[in-house]
Amino acid sequence: MADQQRPDQRQDALGARTDAIGVGTISTITWRLMPLLGLMYLIAYIDRQNVSYAKLQMVGDLGLSEAAYGFGASLFFLAYFLFEVPSNVILERVGARVWFTRIMATWGVITILLGFSTGPVMFYILRFLLGAAEAGFFPGVLYALTLWFPQVFRGRMVGWFMIASAVANAVGAAIGGALLDLDGLLGYRGWQWVFIATGVPAVLLAAVVFVILPDRPEKAPWLGADQKKWLADTLAREAESTPHTDHHNPFRVLADKRVVLLALLYVAFPLAAYGLSYWLPTVVKGFGVSNTVNGFINIIPWICVALALWWVPRHAARTGETTWHIAGPALVGALGLILSVVLPGDAVKFACLCVAAAGIFSGQPVFWSLPPTFLRGATAAAGIAMINSVGNLGGFIAQNVVPWIGDVSGSKLVPMLFLAACLVVGAVMVFVVQGILKRHGTAEVGGLTPARR
């Protein structure tokens, strides 16, 4: 009898050991990789958003109208669109360590140079170059996560990564206003300090990234051989069990109907996000507060965003449902934007903007779990970059169309209705895209199986 039990006992022990290795592997990767990636994104996002605080002074110094400022700020997204796919394809070939180092060093230098802009033309050129320099960072991280994490964990990891954007907005809000109040220090204007002080950390962190960031799991010195094998085997089984597209020429994915639809769907989120975050400091400025107080008030919406980014992907992973975890937050965001104009009272309006911000951002980690369900390799790198680059044109639209709508209509409500309508269209498209992906064999799109509680 004792001999008959030994095989089962050995199997249980093997299963327990395998599970322990998996848990330990994911835990190690999470703590070793995500804080660094999050810090990189935090600095990147601060360098994107600093222009919204510098705007409060620089428009007068450089002789910029509101429309001219909006155009200059939006050139970042045009360059991002043009260079993002090539950048991600290069990243897949040369590795994350070298390419992320290059990205951070160049965007840091250009950010510092923005502090020495002498007129509109120089501002336009540097904003365009900043977009070209940073192109590929966000989708590069999304692609890198497919090499380090099985599908069930990716939504949560993207959520943790994007929490850095909420922290960046909170930190940027606090330091942006404080830096403006350094006006006159060492002979520099406050808006110049905003660019100089936020560009230097990117240059310094680039050196750190080059030293400590591994290109792939197999090159990570802090993973044991059994952990590397577990991860490689798990990712290989996932790739074999799900239909995927892997073109010899990765640029062919740009014509893939699924990728195009996901890109068009994604436009709604950056459009609403940048339409909100770029103009939120100006809205709060209308409360009649100082620059520093303005910055601290703007921390509140991003605390709400961080909490939502933590909860929504975790809930999606536990339930295995993705569609409503993308569409639902978008609809909440749309409602919050409209109510922020319709309801009376500054406190109520601001509370609605906090809800809107949480809705706009919190569905995005779950959205980014979709592309890896049918893309892999260099094709995944190009496809993810394509979706993000087209989607980020929403930022270009937000910087130009939203103020134009406000000027033409003379209304605060109409621009918010436009942003809300874009979110509603995006929410509807989630159902359309999910149906198409399921017909292509990726049922239960997103690959989110209920995680163990």
# chains A, B, ... in the order shown; residues from 1 in each chain; ligands from 1
>>> residues_around(residues="Glu84 (chain A)", least_positions_apart="3", cutoff="10 Å", atoms="only C-alpha atoms", output="PyMOL selection string")
chain A and resi 79-81+87-90+131-140+382+384-390
>>> closest_residue(among="A:Pro201, A:Pro86, A:Pro329, A:Pro344", to="Met104 (chain A)", atoms="only C-alpha atoms")
A:Pro201
>>> select_by_dssp(residues="region 403-445 of chain A", states="helix (DSSP H, G or I)", output="PyMOL selection string")
chain A and resi 403-409+413-439
>>> residues_around(residues="Ala427 (chain A)", least_positions_apart="6", cutoff="10 Å", atoms="only C-alpha atoms", output="list in words")
Leu265, Tyr266, Ala268, Phe269, Thr323, Trp324, Ile326, Ala327, Gly328, Pro329, Ala330, Leu331, Ala334 and Ala421 of chain A
>>> write_last_selection(atoms="C-alpha atoms", output="PDB file, in the first residue's frame")
ATOM      1  CA  LEU A 265     -10.188  52.057 -30.441  1.00  0.00           C
ATOM      2  CA  TYR A 266      -7.221  53.214 -28.379  1.00  0.00           C
ATOM      3  CA  ALA A 268     -10.201  57.553 -27.399  1.00  0.00           C
ATOM      4  CA  PHE A 269      -8.116  56.986 -24.268  1.00  0.00           C
ATOM      5  CA  THR A 323     -14.631  43.520 -22.182  1.00  0.00           C
ATOM      6  CA  TRP A 324     -16.459  45.370 -19.422  1.00  0.00           C
ATOM      7  CA  ILE A 326     -12.224  48.202 -20.626  1.00  0.00           C
ATOM      8  CA  ALA A 327     -15.588  49.594 -21.708  1.00  0.00           C
ATOM      9  CA  GLY A 328     -16.986  50.199 -18.220  1.00  0.00           C
ATOM     10  CA  PRO A 329     -14.255  52.585 -17.022  1.00  0.00           C
ATOM     11  CA  ALA A 330     -14.462  54.454 -20.350  1.00  0.00           C
ATOM     12  CA  LEU A 331     -18.172  55.072 -19.833  1.00  0.00           C
ATOM     13  CA  ALA A 334     -17.313  60.019 -20.141  1.00  0.00           C
ATOM     14  CA  ALA A 421     -18.371  61.148 -27.087  1.00  0.00           C
TER      15      ALA A 421
END
>>> residues_around(residues="Phe350 (chain A)", least_positions_apart="3", cutoff="9 Å", atoms="only C-alpha atoms", output="ChimeraX atom specification")
/A:284,301,340,345-347,353-355
>>> residues_around(residues="Leu307 (chain A)", least_positions_apart="4", cutoff="9 Å", atoms="only C-alpha atoms", output="PyMOL selection string")
chain A and resi 163+302-303+311-312+358+362
>>> residues_around(residues="Ile196 (chain A)", least_positions_apart="5", cutoff="7 Å", atoms="only C-alpha atoms", output="MDAnalysis selection string")
chainID A and resid 111:112 115
>>> residues_around(residues="Phe396 (chain A)", least_positions_apart="4", cutoff="8 Å", atoms="only C-alpha atoms", output="ChimeraX atom specification")
/A:74-78,271,392,400
>>> atom_distance(atom1="CA of Leu205 (chain A)", atom2="CA of Thr101 (chain A)")
8.3 Å
>>> closest_residue(among="A:Ile338, A:Leu114, A:Val211, A:Leu413", to="Leu126 (chain A)", atoms="only C-alpha atoms")
A:Leu114
>>> atom_distance(atom1="CA of Ile43 (chain A)", atom2="CA of Ala202 (chain A)")
6.4 Å
>>> closest_residue(among="A:Glu66, A:Pro150, A:Phe71, A:Leu337", to="Arg237 (chain A)", atoms="only C-alpha atoms")
A:Pro150
>>> atom_distance(atom1="CA of Trp193 (chain A)", atom2="CA of Ile175 (chain A)")
10.3 Å
>>> closest_residue(among="A:Gly383, A:Gly377, A:Gly155, A:Pro35", to="Gln364 (chain A)", atoms="only C-alpha atoms")
A:Gly155
